[in-house]
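What follows is a set of notes on a single structure, which appears directly below.
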Number of protein chains: 2
Amino acid sequence: MDRMNTEPPPVGLRERKKRAMRARLSDIALRLALERGVSQVRIEDIASEADVSPRTFNNYFSSKEAAIVGGATIRAEDFCGILKKMPAELSLHDALRATAIELFTEEPDRDWIARARLIRSEPSLFAEAAKADRSIERTIATEIGHRTGNDPTSHFTPRLAAAVTIAAMHVAVEFWLDSGNVPLREIVGQIMAKFHVEDIAPAEDRKDYHLAPSDRGTP
Amino acid sequence: MDRMNTEPPPVGLRERKKRAMRARLSDIALRLALERGVSQVRIEDIASEADVSPRTFNNYFSSKEAAIVGGATIRAEDFCGILKKMPAELSLHDALRATAIELFTEEPDRDWIARARLIRSEPSLFAEAAKADRSIERTIATEIGHRTGNDPTSHFTPRLAAAVTIAAMHVAVEFWLDSGNVPLREIVGQIMAKFHVEDIAPAEDRKDYHLAPSDRGTP
DNA sequence: GCATTTATTTGCCGAACCAGCAAGATTGCT
DNA sequence: AGCAATCTTGCTGGTTCGGCAAATAAATGC
């Protein structure tokens with residue numbers, strides 16, 4: 001009866017608790033890492049601050065590095081969401097540039113900045129972040145392929161566009177971290193204007209890599 | 001007197017043994033990982049095959065992942081060496097493209113291919129490789145800065161050029177691994193032609209931060 | 001040569017990581 | 001309230017990885 005509205009649509013209370021715990025562990029991990037340095041943080045420390053057992057921590061994250069980085073691992077959908085809304089008239093590169101800029105319209109908050117700096121200063125964190133980036137790149141490549149009407153499996157253009165875009169955003173963030181108080185979106189805009197990825201030319205399709213029908217068995 | 005030629009210039013016997021051991025451990029690690037899968041290889045296994053103690057393994061590599069990936073970590077100097085020799089008349093992008101192509105003139109051997117595949121299939125290895133790539137990227141960025149006559153610290157162009165070039169080479173390799181028997185250098189050439197990084201324009205130095213007069217015209 | 005210095009190998013150790021397992025506690029649904 | 005699904009937790013064992021110091025090997029000096 002009156003329960004109809006109270007239904008747990010995508011978010012049951014259980015799911016929310018789970019996400020909250022994940023976020024909390026991630027926050028604590030980040031804070032401790034900033035205070036003491038990554039190597040001086042033990043899983044036990046994080047767990048005890050969160051009032052859970054160390055074992056529980058490992059149910060959420062497979063390493064402290066994953067916890068520290070993990071909070072920032074939601075961007076791929078954002079990017080794709082924005083890209084999807086870009087008018088079809090735009091060239092691929094213009095669309096990507098606009099997307100990247102829009103992704104950073106609001107300036108990052110303190111935590112995001114601190115995390116970004118930390119990731120770039122600690123190789124173990126950088127490695128962890130790279131793992132995440134890999135799947136992000138694939139997601140974006142798929143979306144680009146969707147937009148340009150071809151499949152990342154048989155054409156490299158989507159993959160290339162995704163890879164260079166991500167690389168450019170990384171450079172932008174890194175440069176921004178080192179520079180003064182210029183808005184990040186400015187730098188992103190400038191950097192995305194400093195290079196150019198070609199949209200796929202329908203003519204030079206799969207002809208030049210004669211790998212069309214066969215191959216592509218096991219990657 | 002006659003000692004002048006016999007001096008141990010870069011290579012003492014000690015140094016050679018060291019490198020040989022490093023290479024041997026790396027080879028064994030790779031082979032075992034290919035045979036059993038990375039997670040089924042223990043440090044002890046590698047060490048015992050190499051007839052050294054496990055402790056010694058850790059003197060050479062800080063993890064088995066590092067050992068597996070480590071063999072392929074010499075490329076930066078190669079790239080820079082080739083880039084240095086590129087005629088100054090070439091635009092930056094042309095130079096980078098030519099460098100990338102030359103870097104892959106000889107087709108990779110079996111081991112290289114196997115390692116490349118493995119790295120791309122195992123996240124832990126991919127992460128390790130990413131760590132290495134980071135310093136490679138910096139080295140290349142410095143070299144590019146040297147060529148274009150500006151400092152990666154105060155300008156983002158060298159960093160951007162390095163980052164997108166590396167990203168492109170990765171895409172090329174990955175695509176090549178999945179595709180038939182097209183020469184790798186072909187794919188590298190095609191991919192490097194699908195995008196373009198601008199050489200730095202001496203005019204738009206650091207001034208244009210935060211004024212970006214509708215970005216320089218892109219044709 | 002032989003002694004000295006310098007670098008490497010090794011064993012021993014301990015702190016820490018991390019996943020499987022099964023019991024106990026929570027939550028969701030009816 | 002009762003039942004099923006899920007989450008938490010302690011326990012555990014295998015593994016990692018670096019510090020330390022003694023033994024061993026290589027390079028240097030005399």
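Just so we're on the same page: first chain in the structure tokens is A, next is B, and so on; residues restart at 1 for each chain, and ligands are numbered from 1 in the order they show up.
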Exercise: region 132-137 of chain B partners within 7 Å, only C-alpha atoms (C1' of nucleotides), chain neighbours under 2 positions left out, as an MDAnalysis selection string: chainID B and resid 73 76 128:130 139:141 162:163
For the interface of chain B with chain D (cut-off 12 Å, counting only C-alpha atoms (C1' of nucleotides)), please tabulate each contacting residue of chain B alongside its nearest pair of atoms and their separation in Å to one decimal, rows sorted by chain and increasing number, as CSV.
residue,atom,partner,partner_atom,distance
B:Pro8,CA,D:DA27,C1',10.6
B:Gly12,CA,D:DA27,C1',9.1
B:Leu13,CA,D:DA26,C1',8.3
B:Arg14,CA,D:DA26,C1',6.9
B:Glu15,CA,D:DA26,C1',10.5
B:Lys17,CA,D:DA26,C1',10.8
B:Ser39,CA,D:DT15,C1',11.0
B:Gln40,CA,D:DT15,C1',11.3
B:Val41,CA,D:DT15,C1',10.8
B:Arg42,CA,D:DT15,C1',8.0
B:Ile43,CA,D:DT16,C1',8.7
B:Glu44,CA,D:DT15,C1',9.9
B:Pro54,CA,D:DC17,C1',10.4
B:Arg55,CA,D:DC17,C1',9.0
B:Thr56,CA,D:DC17,C1',11.5
B:Phe57,CA,D:DC17,C1',10.5
B:Asn58,CA,D:DC17,C1',7.4
B:Asn59,CA,D:DG18,C1',9.6
B:Phe61,CA,D:DC17,C1',10.3
B:Ser62,CA,D:DC17,C1',7.3
B:Ser63,CA,D:DC17,C1',8.2
B:Lys64,CA,D:DT16,C1',9.9
Using N, CA and C atoms, can you write the selected residues to a file as a short mmCIF file (atom, residue, chain, number, x, y, z; two decimals), in the first residue's frame?
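Below is the file again-v8.cif, written as the result:
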data_model
loop_
_atom_site.label_atom_id
_atom_site.label_comp_id
_atom_site.auth_asym_id
_atom_site.auth_seq_id
_atom_site.Cartn_x
_atom_site.Cartn_y
_atom_site.Cartn_z
N PRO B 8 88.82 -1.22 -17.10
CA PRO B 8 87.42 -1.66 -17.18
C PRO B 8 86.50 -0.46 -17.36
N GLY B 12 82.90 -3.67 -15.69
CA GLY B 12 83.71 -4.54 -14.86
C GLY B 12 83.08 -5.91 -14.91
N LEU B 13 83.80 -6.90 -14.47
CA LEU B 13 83.23 -8.23 -14.44
C LEU B 13 82.06 -8.28 -13.46
N ARG B 14 82.22 -7.50 -12.43
CA ARG B 14 81.16 -7.44 -11.43
C ARG B 14 79.85 -6.97 -12.06
N GLU B 15 79.98 -5.89 -12.80
CA GLU B 15 78.79 -5.31 -13.42
C GLU B 15 78.15 -6.28 -14.40
N LYS B 17 78.28 -9.57 -14.37
CA LYS B 17 77.58 -10.63 -13.62
C LYS B 17 76.23 -10.14 -13.12
N SER B 39 50.14 -15.87 -10.85
CA SER B 39 49.84 -16.10 -9.43
C SER B 39 50.40 -17.42 -8.92
N GLN B 40 50.71 -18.29 -9.84
CA GLN B 40 51.23 -19.60 -9.43
C GLN B 40 52.75 -19.66 -9.37
N VAL B 41 53.35 -18.52 -9.54
CA VAL B 41 54.81 -18.47 -9.46
C VAL B 41 55.21 -17.83 -8.13
N ARG B 42 56.00 -18.56 -7.36
CA ARG B 42 56.49 -17.96 -6.12
C ARG B 42 57.93 -17.53 -6.32
N ILE B 43 58.31 -16.55 -5.55
CA ILE B 43 59.69 -16.07 -5.62
C ILE B 43 60.66 -17.23 -5.43
N GLU B 44 60.29 -18.10 -4.54
CA GLU B 44 61.15 -19.25 -4.27
C GLU B 44 61.39 -20.08 -5.54
N PRO B 54 66.27 -17.14 -2.27
CA PRO B 54 65.14 -16.21 -2.45
C PRO B 54 65.51 -14.80 -2.03
N ARG B 55 66.34 -14.73 -0.99
CA ARG B 55 66.76 -13.40 -0.53
C ARG B 55 67.49 -12.64 -1.62
N THR B 56 68.27 -13.37 -2.38
CA THR B 56 69.01 -12.72 -3.47
C THR B 56 68.07 -12.19 -4.54
N PHE B 57 67.04 -12.96 -4.80
CA PHE B 57 66.06 -12.46 -5.78
C PHE B 57 65.59 -11.07 -5.39
N ASN B 58 65.30 -10.93 -4.10
CA ASN B 58 64.80 -9.64 -3.64
C ASN B 58 65.85 -8.54 -3.65
N ASN B 59 67.09 -8.91 -3.79
CA ASN B 59 68.10 -7.88 -3.97
C ASN B 59 68.04 -7.31 -5.39
N PHE B 61 65.06 -7.68 -7.56
CA PHE B 61 63.72 -7.18 -7.87
C PHE B 61 62.91 -7.13 -6.59
N SER B 62 62.07 -6.14 -6.49
CA SER B 62 61.27 -6.01 -5.28
C SER B 62 59.98 -6.81 -5.35
N SER B 63 59.73 -7.40 -6.48
CA SER B 63 58.55 -8.26 -6.60
C SER B 63 58.69 -9.11 -7.84
N LYS B 64 57.92 -10.18 -7.92
CA LYS B 64 58.01 -11.00 -9.12
C LYS B 64 57.46 -10.24 -10.32
#
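RMSD of chain B versus chain A, all Cα atoms, in-order pairing, least-squares fit: 5.1 Å.
Residues of chain A having any atom within 6 Å of chain B, counting only C-alpha atoms, are Ala127, Ala130, Lys131, Ala163, Val164, Ala167, Lys194, Phe195, His196, Val197, Glu198, Leu211 and Pro219 of chain A.
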Could you write out the selected residues, including N, CA and C atoms, as a CSV table (one decimal), in the first residue's frame?
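Generated file (again-v6.csv):
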chain,number,residue,atom,x,y,z
A,127,ALA,N,50.7,3.1,-9.8
A,127,ALA,CA,50.4,1.8,-10.4
A,127,ALA,C,49.0,1.3,-10.2
A,130,ALA,N,46.8,3.3,-12.4
A,130,ALA,CA,46.9,2.9,-13.8
A,130,ALA,C,46.0,1.7,-14.2
A,131,LYS,N,45.9,0.8,-13.2
A,131,LYS,CA,45.0,-0.4,-13.4
A,131,LYS,C,43.6,0.1,-13.7
A,163,ALA,N,42.8,6.8,-25.7
A,163,ALA,CA,44.1,6.7,-25.1
A,163,ALA,C,44.7,8.1,-25.0
A,164,VAL,N,44.7,8.8,-26.2
A,164,VAL,CA,45.4,10.1,-26.2
A,164,VAL,C,44.6,11.1,-25.4
A,167,ALA,N,45.5,10.4,-21.8
A,167,ALA,CA,46.8,10.9,-21.6
A,167,ALA,C,46.9,12.4,-21.5
A,194,LYS,N,46.0,21.5,-28.2
A,194,LYS,CA,47.4,21.4,-28.7
A,194,LYS,C,47.6,20.1,-29.5
A,195,PHE,N,46.6,19.3,-29.6
A,195,PHE,CA,46.8,18.1,-30.4
A,195,PHE,C,45.5,17.8,-31.1
A,196,HIS,N,45.5,16.8,-32.0
A,196,HIS,CA,44.3,16.5,-32.7
A,196,HIS,C,44.2,15.1,-33.1
A,197,VAL,N,43.1,14.5,-32.8
A,197,VAL,CA,42.9,13.1,-33.3
A,197,VAL,C,41.9,13.1,-34.4
A,198,GLU,N,42.3,12.3,-35.5
A,198,GLU,CA,41.4,12.3,-36.6
A,198,GLU,C,40.2,11.4,-36.3
A,211,LEU,N,42.5,-7.7,-41.6
A,211,LEU,CA,42.4,-8.7,-40.5
A,211,LEU,C,40.9,-8.9,-40.3
A,219,PRO,N,42.3,-12.9,-27.5
A,219,PRO,CA,43.2,-11.8,-27.2
A,219,PRO,C,44.2,-12.0,-26.2
Expected answer as a list in words: chain C residues within 12 Å of chain A, only C-alpha atoms (C1' of nucleotides): DA15, DA16, DC17, DC18, DA19, DG20, DT26, DT27, DG28 and DC29 of chain C
Sel. of helix (DSSP H, G or I) residues, region 88-179 of chain A, as number ranges by chain: A: 92-103, 110-121, 123-148, 157-178
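CA of Ala50 (chain B) to C1' of DC12 (chain C) spans 21.2 Å [interatomic distance, one decimal].
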Å distance separating CA of Arg110 (chain B) from CA of Ile46 (chain B), one decimal place: 20.6 Å
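Computed from the coordinates, the CA of Ser53 (chain B) to CA of Arg24 (chain B) distance equals 13.9 Å.
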